[in-house]
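K.L.:
You'll find final-v2.txt just under this line, and it carries compact mmCIF, C-alpha atoms.
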```
# COMPACT_ATOMS: atom_id res chain seq x y z
CA MET Z 278 -8.64 7.78 33.95
CA GLU Z 279 -8.92 8.40 30.22
CA ILE Z 280 -5.81 9.35 28.25
CA LYS Z 281 -6.24 10.94 24.85
CA VAL Z 282 -3.86 9.27 22.40
CA LEU Z 283 -5.00 10.30 18.89
CA LYS Z 284 -2.08 8.53 17.29
CA ASP Z 285 -2.00 6.62 14.05
CA ILE Z 286 -1.67 2.91 14.72
CA LEU Z 287 0.90 2.62 11.97
CA SER Z 288 2.99 5.59 13.14
CA ALA Z 289 5.88 3.26 14.08
CA ASN Z 290 5.87 1.92 10.51
CA GLU Z 291 5.79 5.48 9.15
CA GLN Z 292 8.86 6.40 11.21
CA ILE Z 293 10.85 3.44 9.92
CA ALA Z 294 9.67 4.23 6.38
CA GLU Z 295 11.04 7.75 6.79
CA ARG Z 296 14.40 6.31 7.89
CA ASN Z 297 14.43 4.05 4.84
CA ARG Z 298 13.74 7.05 2.61
CA GLN Z 299 16.61 9.00 4.18
CA LEU Z 300 18.95 6.05 3.68
CA LEU Z 301 17.90 5.70 0.03
CA ASP Z 302 18.28 9.44 -0.53
CA SER Z 303 21.75 9.45 1.00
CA LYS Z 304 22.80 6.77 -1.50
CA GLY Z 305 21.03 8.48 -4.40
CA VAL Z 306 18.64 5.58 -4.93
CA PHE Z 307 15.12 6.12 -6.24
CA ALA Z 308 12.66 3.52 -4.92
CA VAL Z 309 9.40 2.34 -6.44
CA ASN Z 310 6.86 0.29 -4.49
CA LEU Z 311 5.16 -1.94 -7.07
CA MET Z 312 1.77 -3.28 -6.03
CA SER Z 313 -1.01 -5.33 -7.62
CA SER Z 314 -3.15 -8.40 -7.15
CA PRO Z 315 -1.44 -11.77 -7.75
CA GLY Z 316 -0.83 -12.44 -11.42
CA ALA Z 317 -1.32 -8.88 -12.69
CA GLY Z 318 2.22 -8.80 -14.06
CA LYS Z 319 4.53 -7.26 -11.46
CA THR Z 320 7.46 -9.54 -12.22
CA SER Z 321 6.91 -9.25 -15.99
CA LEU Z 322 6.90 -5.46 -15.70
CA ILE Z 323 10.13 -5.57 -13.69
CA LEU Z 324 11.78 -7.71 -16.37
CA GLU Z 325 10.58 -5.38 -19.15
CA THR Z 326 11.76 -2.33 -17.22
CA ILE Z 327 15.22 -3.78 -16.53
CA ARG Z 328 15.65 -4.64 -20.22
CA LYS Z 329 14.64 -1.14 -21.33
CA LEU Z 330 17.00 0.48 -18.84
CA LYS Z 331 19.98 -1.80 -19.51
CA GLY Z 332 23.11 0.29 -19.99
CA LYS Z 333 21.31 3.48 -18.84
CA ILE Z 334 20.18 3.00 -15.26
CA ARG Z 335 21.51 0.50 -12.75
CA VAL Z 336 18.53 -1.33 -11.27
CA GLY Z 337 18.17 -3.40 -8.10
CA VAL Z 338 15.12 -5.45 -7.18
CA ILE Z 339 13.60 -6.58 -3.90
CA GLU Z 340 11.03 -9.34 -4.26
CA GLY Z 341 8.36 -9.68 -1.59
CA ASP Z 342 6.45 -12.94 -1.48
CA VAL Z 343 4.71 -15.00 1.14
CA SER Z 344 6.99 -17.88 0.16
CA SER Z 345 9.23 -19.18 -2.65
CA SER Z 346 12.02 -17.48 -4.59
CA VAL Z 347 10.64 -18.10 -8.08
CA ASP Z 348 10.41 -14.38 -8.88
CA ALA Z 349 13.88 -13.59 -7.57
CA GLU Z 350 15.36 -16.34 -9.73
CA LYS Z 351 13.64 -14.96 -12.85
CA VAL Z 352 14.85 -11.43 -12.15
CA GLY Z 353 18.34 -12.63 -11.16
CA LYS Z 354 18.84 -13.99 -14.69
CA GLU Z 355 18.84 -10.38 -15.93
CA GLY Z 356 22.11 -9.84 -14.08
CA VAL Z 357 20.86 -7.25 -11.59
CA PRO Z 358 21.18 -7.41 -7.78
CA VAL Z 359 18.05 -9.07 -6.43
CA LEU Z 360 16.95 -9.96 -2.94
CA GLN Z 361 14.02 -12.09 -1.86
CA ILE Z 362 11.96 -11.29 1.22
CA ASN Z 363 9.70 -14.13 2.34
CA THR Z 364 7.09 -12.71 4.65
CA GLY Z 365 6.15 -16.14 6.00
CA GLY Z 366 2.41 -15.63 5.76
CA THR Z 367 2.14 -11.87 6.09
CA CYS Z 368 0.23 -10.42 3.16
CA HIS Z 369 2.25 -7.22 2.68
CA LEU Z 370 5.73 -5.79 3.08
CA ASP Z 371 6.29 -3.31 5.89
CA ALA Z 372 8.97 -0.71 6.48
CA ASN Z 373 10.88 -2.91 8.91
CA MET Z 374 11.14 -5.77 6.40
CA LEU Z 375 12.52 -3.31 3.86
CA LEU Z 376 14.96 -1.89 6.41
CA SER Z 377 16.59 -5.29 6.94
CA ALA Z 378 16.57 -6.01 3.22
CA LEU Z 379 18.28 -2.68 2.44
CA SER Z 380 21.27 -3.63 4.58
CA ASN Z 381 21.84 -6.57 2.24
CA MET Z 382 21.36 -4.62 -0.99
CA PRO Z 383 24.43 -3.02 -2.65
CA LEU Z 384 22.86 0.44 -2.67
CA GLN Z 385 26.06 2.10 -3.90
CA ASP Z 386 25.80 0.06 -7.11
CA ILE Z 387 22.22 0.95 -8.05
CA GLU Z 388 20.18 4.04 -8.98
CA LEU Z 389 16.71 2.55 -9.12
CA LEU Z 390 15.27 0.10 -6.61
CA ILE Z 391 12.07 -1.68 -7.60
CA ILE Z 392 10.30 -3.28 -4.65
CA GLU Z 393 7.78 -5.90 -5.68
CA ASN Z 394 5.19 -6.02 -2.93
CA VAL Z 395 3.14 -9.08 -2.04
CA GLY Z 396 0.28 -9.57 -4.52
CA ASN Z 397 -2.68 -8.05 -2.70
CA LEU Z 398 -4.84 -4.97 -3.25
CA ILE Z 399 -5.69 -4.31 0.39
CA CYS Z 400 -2.93 -4.35 3.01
CA PRO Z 401 0.02 -2.95 1.02
CA ALA Z 402 -1.93 0.31 0.67
CA SER Z 403 -1.64 0.91 4.42
CA PHE Z 404 2.09 0.20 4.87
CA ALA Z 405 4.53 2.82 3.62
CA LEU Z 406 7.99 1.40 2.95
CA GLY Z 407 10.01 4.55 2.36
CA GLU Z 408 9.49 4.48 -1.40
CA HIS Z 409 9.49 7.58 -3.60
CA LYS Z 410 6.65 6.47 -5.88
CA ARG Z 411 3.84 3.96 -5.57
CA VAL Z 412 2.91 2.15 -8.73
CA LEU Z 413 -0.14 -0.04 -9.12
CA ILE Z 414 -0.73 -2.58 -11.87
CA SER Z 415 -4.31 -3.47 -12.71
CA SER Z 416 -4.72 -5.96 -15.55
CA ILE Z 417 -7.52 -6.44 -18.07
CA PRO Z 418 -8.56 -9.97 -16.94
CA GLU Z 419 -9.14 -8.70 -13.38
CA GLY Z 420 -12.12 -6.67 -14.53
CA ASP Z 421 -12.89 -2.95 -14.59
CA ASP Z 422 -14.55 -2.79 -11.16
CA LYS Z 423 -11.31 -2.77 -9.13
CA PRO Z 424 -11.26 1.00 -8.39
CA PHE Z 425 -14.63 0.62 -6.65
CA LYS Z 426 -13.66 -2.51 -4.77
CA TYR Z 427 -10.22 -1.31 -3.62
CA PRO Z 428 -10.48 2.49 -3.62
CA LEU Z 429 -7.72 2.99 -1.06
CA MET Z 430 -5.15 1.33 -3.32
CA PHE Z 431 -6.12 3.56 -6.25
CA ASP Z 432 -6.18 6.59 -3.98
CA ILE Z 433 -2.55 6.21 -2.87
CA ALA Z 434 -1.05 5.27 -6.27
CA ASP Z 435 1.14 7.73 -8.18
CA ALA Z 436 0.75 5.72 -11.37
CA VAL Z 437 -1.67 3.03 -12.50
CA LEU Z 438 -0.54 0.68 -15.25
CA ILE Z 439 -3.30 -1.16 -17.11
CA ASN Z 440 -1.48 -4.34 -18.10
CA LYS Z 441 -2.36 -7.09 -20.61
CA ILE Z 442 -3.90 -4.45 -22.86
CA ASP Z 443 -3.38 -6.89 -25.77
CA LEU Z 444 -6.26 -8.95 -24.30
CA LEU Z 445 -8.73 -6.08 -24.59
CA PRO Z 446 -10.40 -7.40 -27.78
CA TYR Z 447 -11.20 -10.69 -26.08
CA LEU Z 448 -12.54 -9.53 -22.72
CA LYS Z 449 -15.23 -7.21 -21.48
CA PHE Z 450 -13.41 -4.29 -19.95
CA ASP Z 451 -14.63 -0.71 -20.12
CA ILE Z 452 -11.29 1.05 -20.37
CA ARG Z 453 -12.79 4.55 -20.53
CA GLY Z 454 -15.00 3.92 -17.51
CA PHE Z 455 -12.08 2.38 -15.63
CA SER Z 456 -9.75 5.30 -16.34
CA GLN Z 457 -12.46 7.78 -15.43
CA ALA Z 458 -13.13 5.99 -12.12
CA VAL Z 459 -9.41 5.96 -11.28
CA ARG Z 460 -9.02 9.66 -12.11
CA GLY Z 461 -12.18 10.40 -10.20
CA ILE Z 462 -10.72 8.93 -7.02
CA ASN Z 463 -7.19 10.17 -7.63
CA GLU Z 464 -6.87 13.42 -9.57
CA LYS Z 465 -3.07 13.38 -9.87
CA VAL Z 466 -2.60 9.78 -10.99
CA GLU Z 467 -0.81 8.90 -14.24
CA ILE Z 468 -2.41 6.09 -16.22
CA PHE Z 469 -0.54 3.95 -18.76
CA GLN Z 470 -1.90 1.21 -21.00
CA ILE Z 471 0.75 -1.46 -21.31
CA SER Z 472 1.37 -5.04 -22.33
CA CYS Z 473 4.36 -6.91 -21.04
CA ALA Z 474 3.66 -9.55 -23.71
CA THR Z 475 3.92 -7.17 -26.68
CA SER Z 476 5.91 -4.34 -24.98
CA HIS Z 477 3.10 -1.92 -25.86
CA GLY Z 478 3.36 1.24 -23.74
CA ILE Z 479 6.54 0.15 -21.95
CA GLN Z 480 8.51 3.02 -23.49
CA GLU Z 481 6.00 5.58 -22.14
CA TRP Z 482 6.10 4.01 -18.69
CA VAL Z 483 9.90 3.98 -18.62
CA SER Z 484 10.04 7.62 -19.82
CA TRP Z 485 7.71 8.64 -17.00
CA LEU Z 486 9.86 6.73 -14.52
CA LEU Z 487 13.04 8.45 -15.76
CA THR Z 488 11.34 11.85 -15.49
CA GLN Z 489 10.36 11.12 -11.89
CA MET Z 490 13.91 10.06 -11.10
CA SER Z 491 15.43 13.21 -12.63
CA ARG Z 492 12.96 15.47 -10.79
CA ARG Z 493 13.87 14.19 -7.36
CA MET C 229 -3.81 -11.12 7.79
CA HIS C 230 -2.66 -7.51 8.16
CA GLU C 231 -4.60 -7.42 11.43
CA LEU C 232 -1.70 -9.13 13.22
CA ALA C 233 0.74 -6.36 12.23
CA ILE C 234 -1.84 -3.69 12.98
CA THR C 235 -2.75 -5.19 16.36
CA GLN C 236 0.94 -5.46 17.31
CA SER C 237 1.50 -1.78 16.43
CA MET C 238 -1.64 -0.76 18.29
CA PHE C 239 -0.55 -2.77 21.34
CA ASP C 240 2.94 -1.21 21.33
CA LEU C 241 1.41 2.25 21.12
CA VAL C 242 -1.05 1.56 23.95
CA LEU C 243 1.62 0.10 26.22
CA GLU C 244 3.93 3.05 25.60
CA GLN C 245 1.17 5.50 26.56
CA ALA C 246 0.10 3.47 29.59
CA LYS C 247 3.67 3.27 30.91
CA LYS C 248 4.12 7.00 30.38
CA ALA C 249 1.04 7.58 32.55
CA GLU C 250 2.40 5.08 35.13
CA ALA C 251 -0.79 3.09 34.82
CA LYS C 252 -1.18 -0.28 36.53
CA LYS C 253 -3.80 -1.56 34.18
CA VAL C 254 -5.41 -0.71 30.84
CA GLY C 255 -9.19 -1.11 31.10
CA LYS C 256 -10.33 0.00 27.68
CA ILE C 257 -8.90 0.97 24.30
CA ASN C 258 -10.93 3.19 21.98
CA LEU C 259 -10.08 2.67 18.33
CA VAL C 260 -11.20 4.47 15.20
CA ILE C 261 -11.06 2.40 12.01
CA GLY C 262 -12.01 3.48 8.51
CA GLU C 263 -13.88 0.79 6.63
CA MET C 264 -11.68 1.27 3.57
CA THR C 265 -8.63 -0.04 5.44
CA GLY C 266 -10.24 -3.48 5.43
CA VAL C 267 -9.32 -4.01 9.08
CA VAL C 268 -11.69 -6.49 10.73
CA GLY C 269 -12.50 -5.77 14.37
CA ASP C 270 -13.02 -9.42 15.32
CA CYS C 271 -9.55 -10.28 14.04
CA VAL C 272 -7.98 -7.42 15.98
CA GLN C 273 -9.80 -8.66 19.09
CA PHE C 274 -8.51 -12.19 18.55
CA TYR C 275 -4.88 -11.13 18.08
CA PHE C 276 -5.07 -8.63 20.92
CA GLU C 277 -6.07 -11.28 23.45
CA PHE C 278 -3.06 -13.29 22.36
CA ILE C 279 -0.53 -10.44 22.25
CA SER C 280 -1.63 -8.76 25.50
CA LYS C 281 -1.33 -11.87 27.70
CA GLU C 282 0.56 -11.18 30.94
CA THR C 283 0.92 -7.45 30.22
CA LEU C 284 -0.87 -4.49 31.79
CA ALA C 285 -3.23 -4.47 28.83
CA GLU C 286 -4.41 -8.04 29.43
CA GLY C 287 -8.20 -8.16 29.57
CA ALA C 288 -8.65 -4.62 28.21
CA ALA C 289 -11.93 -4.07 26.34
CA LEU C 290 -11.59 -2.93 22.74
CA SER C 291 -14.08 -0.44 21.40
CA PHE C 292 -14.28 0.11 17.65
CA VAL C 293 -15.74 3.14 15.97
CA MET C 294 -16.01 2.18 12.29
CA ILE C 295 -15.98 5.06 9.81
CA PRO C 296 -17.78 4.43 6.51
CA PRO C 297 -16.24 5.85 3.33
CA LYS C 298 -17.18 9.41 2.58
CA ALA C 299 -16.44 11.40 -0.54
CA ARG C 300 -16.69 15.00 -1.65
CA CYS C 301 -17.76 15.64 -5.22
CA ARG C 302 -15.21 17.85 -6.98
CA ASP C 303 -17.87 19.01 -9.41
CA CYS C 304 -20.77 20.07 -7.19
CA GLY C 305 -19.00 20.14 -3.83
CA LYS C 306 -21.52 17.98 -1.96
CA THR C 307 -20.42 15.17 0.35
CA PHE C 308 -21.90 11.67 0.29
CA GLU C 309 -21.30 8.03 1.20
CA PRO C 310 -20.26 6.23 -1.97
CA ARG C 311 -21.96 2.93 -2.67
CA GLU C 312 -19.96 -0.09 -3.73
CA PHE C 313 -19.80 -0.55 -7.55
CA ASP C 314 -21.16 2.89 -8.13
CA TRP C 315 -18.97 5.73 -7.07
CA ALA C 316 -21.05 8.40 -8.72
CA CYS C 317 -22.16 11.54 -6.92
CA PRO C 318 -25.85 11.05 -6.08
CA TYR C 319 -26.47 14.78 -6.65
CA CYS C 320 -24.82 15.48 -10.00
CA GLN C 321 -23.90 11.92 -11.14
CA GLY C 322 -20.28 12.97 -11.64
CA ASN C 323 -17.55 10.53 -10.67
CA ASN C 324 -14.90 13.04 -9.86
CA MET C 325 -14.47 12.79 -6.13
CA GLU C 326 -12.08 13.10 -3.27
CA ILE C 327 -12.16 10.49 -0.51
CA ILE C 328 -12.46 12.43 2.74
CA ALA C 329 -13.22 9.68 5.28
CA GLY C 330 -12.90 5.94 5.62
CA LYS C 331 -9.09 5.71 5.71
CA GLU C 332 -8.71 6.23 9.49
CA LEU C 333 -6.65 3.89 11.62
CA PHE C 334 -5.85 5.36 15.02
CA VAL C 335 -6.05 5.00 18.79
CA GLU C 336 -8.46 7.64 20.02
CA SER C 337 -7.88 7.15 23.75
CA ILE C 338 -7.18 4.59 26.43
CA GLU C 339 -8.77 4.18 29.85
CA VAL C 340 -6.29 3.23 32.56
CA GLU C 341 -6.19 2.62 36.30
```
Write out the structure in this file as structure tokens.

P.N.:
Amino acid sequence: MEIKVLKDILSANEQIAERNRQLLDSKGVFAVNLMSSPGAGKTSLILETIRKLKGKIRVGVIEGDVSSSVDAEKVGKEGVPVLQINTGGTCHLDANMLLSALSNMPLQDIELLIIENVGNLICPASFALGEHKRVLISSIPEGDDKPFKYPLMFDIADAVLINKIDLLPYLKFDIRGFSQAVRGINEKVEIFQISCATSHGIQEWVSWLLTQMSRR
Amino acid sequence: MHELAITQSMFDLVLEQAKKAEAKKVGKINLVIGEMTGVVGDCVQFYFEFISKETLAEGAALSFVMIPPKARCRDCGKTFEPREFDWACPYCQGNNMEIIAGKELFVESIEVE
């Protein structure tokens, strides 16, 4: 006997993600899922963002890594609540991992939660966490072909940050072609050119983030 | 490595449906997977054999229908299969497109006894 199922394999994850979103909403917390390949600058962006928002917005951070707590220690020095999730080999965060992390995060004390996903341009695109916005960092040294190689990641992003823009004079990167390819795949995406080394474009990124938070 | 999580979710979904139908055994699972998800069928097969041991889905055959990426050009409206490294519309050369297939990840049906 054949039974029609027609159900998304990740529907269980989606349901938990929805619960996470409801929990975050009930506490008035805006959550950003920050994704990129390893070394693109997720932790540096988090540090820059915390510094810009100091005294304005109370930030909390969840660090997702396969192992180690190096990132959490760096972020912890900024004096914000930070929690490390070690996935123990899994290459992405999922909604259930976030659910357990949220119970250990002082949600009443924060307004913005930045979730640093595991560095990977494939799997994190498929696993919703319950975030309000998905932000992707793509950096100059990675090359300008990433939208073609990982289209799903660019398709689901609300904002794409082109990091390490200060290296543009030294590397071959067609920034116009890259931006066009990203917009081609994802009409609604916001693109920012930033450098965490020189703070170029950080103000624009933070302004966008604040606008998104106030619109919710 | 996301195949483990995906296989576990797929297995849970299949078992739930099979129990609902009061099935004694799952013979076959028909899956639809978009190529853009990066899910590798062989890996799913490997994890499934491990996860399904001593359950009513043990020994079930997995069938994969792989869906290649498909895009619709927002400029000329035609649909096409984008090629890697060159996501231009083959008809008007524009690169303004909407991805309309290749993101699937679902259980189409199961065959039970």

K.L.:
Atom CA of Ala405 of chain Z to atom CA of Met430 of chain Z: how many Å, to one decimal?

P.N.:
12.0 Å

K.L.:
Taking (-5.9, 1.1, 28.3) in the file's own coordinates, collect the residues within 9 Å, counting all atoms listed in the file, and hand them back as a ChimeraX atom specification.

P.N.:
/Z:279-280 /C:242-243,245-246,251,253-258,284-285,288-290,337-341

K.L.:
Just the residues within 12 Å of segment 367-369 of chain Z, please, counting only C-alpha atoms, with nothing from its chain fewer than 5 positions along; format it as number ranges by chain.

P.N.:
Z: 310-315, 340-344, 362, 374-375, 392-406; C: 229-234

K.L.:
For a quick test of understanding: name the residues of chain Z lying within 6 Å of chain C when counting only C-alpha atoms, and present them as a VMD selection string.

P.N.:
chain Z and resid 278 to 286 425 461 to 462

K.L.:
Store the residues picked out above, limited to C-alpha atoms, as an mmCIF file, in the coordinates of the input.

P.N.:
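Okay, again-v7.cif is ready:
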```cif
data_model
loop_
_atom_site.group_PDB
_atom_site.id
_atom_site.type_symbol
_atom_site.label_atom_id
_atom_site.label_comp_id
_atom_site.auth_asym_id
_atom_site.auth_seq_id
_atom_site.Cartn_x
_atom_site.Cartn_y
_atom_site.Cartn_z
ATOM 1 C CA MET Z 278 -8.640 7.780 33.950
ATOM 2 C CA GLU Z 279 -8.920 8.400 30.220
ATOM 3 C CA ILE Z 280 -5.810 9.350 28.250
ATOM 4 C CA LYS Z 281 -6.240 10.940 24.850
ATOM 5 C CA VAL Z 282 -3.860 9.270 22.400
ATOM 6 C CA LEU Z 283 -5.000 10.300 18.890
ATOM 7 C CA LYS Z 284 -2.080 8.530 17.290
ATOM 8 C CA ASP Z 285 -2.000 6.620 14.050
ATOM 9 C CA ILE Z 286 -1.670 2.910 14.720
ATOM 10 C CA PHE Z 425 -14.630 0.620 -6.650
ATOM 11 C CA GLY Z 461 -12.180 10.400 -10.200
ATOM 12 C CA ILE Z 462 -10.720 8.930 -7.020
#
```

K.L.:
List the neighbours of segment 377-385 of chain Z out to 9 Å using all atoms listed in the file; skip same-chain residues closer than 2 positions along the sequence, and give me the result as a PDB file with C-alpha atoms, in the frame of the given file.

P.N.:
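The result, written out as selection_4.pdb:
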```pdb
ATOM      1  CA  ASN Z 297      14.430   4.050   4.840  1.00  0.00           C
ATOM      2  CA  LEU Z 300      18.950   6.050   3.680  1.00  0.00           C
ATOM      3  CA  LEU Z 301      17.900   5.700   0.030  1.00  0.00           C
ATOM      4  CA  LYS Z 304      22.800   6.770  -1.500  1.00  0.00           C
ATOM      5  CA  GLY Z 305      21.030   8.480  -4.400  1.00  0.00           C
ATOM      6  CA  VAL Z 306      18.640   5.580  -4.930  1.00  0.00           C
ATOM      7  CA  GLY Z 337      18.170  -3.400  -8.100  1.00  0.00           C
ATOM      8  CA  VAL Z 338      15.120  -5.450  -7.180  1.00  0.00           C
ATOM      9  CA  ILE Z 339      13.600  -6.580  -3.900  1.00  0.00           C
ATOM     10  CA  PRO Z 358      21.180  -7.410  -7.780  1.00  0.00           C
ATOM     11  CA  VAL Z 359      18.050  -9.070  -6.430  1.00  0.00           C
ATOM     12  CA  LEU Z 360      16.950  -9.960  -2.940  1.00  0.00           C
ATOM     13  CA  GLN Z 361      14.020 -12.090  -1.860  1.00  0.00           C
ATOM     14  CA  ILE Z 362      11.960 -11.290   1.220  1.00  0.00           C
ATOM     15  CA  ALA Z 372       8.970  -0.710   6.480  1.00  0.00           C
ATOM     16  CA  ASN Z 373      10.880  -2.910   8.910  1.00  0.00           C
ATOM     17  CA  MET Z 374      11.140  -5.770   6.400  1.00  0.00           C
ATOM     18  CA  LEU Z 375      12.520  -3.310   3.860  1.00  0.00           C
ATOM     19  CA  ILE Z 387      22.220   0.950  -8.050  1.00  0.00           C
ATOM     20  CA  GLU Z 388      20.180   4.040  -8.980  1.00  0.00           C
ATOM     21  CA  LEU Z 390      15.270   0.100  -6.610  1.00  0.00           C
TER      22      LEU Z 390
END
```

K.L.:
Grab the atom CA of Val466 of chain Z to atom CA of Trp485 of chain Z distance for me, in Å with one decimal place.

P.N.:
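Calculated distance between atom CA of Val466 of chain Z and atom CA of Trp485 of chain Z is 12.0 Å.
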
K.L.:
Report, in Å with one decimal, the straight-line distance from atom CA of Tyr447 of chain Z to atom CA of Leu413 of chain Z.

P.N.:
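Atom CA of Leu413 of chain Z lies at a distance of 22.9 Å from atom CA of Tyr447 of chain Z.
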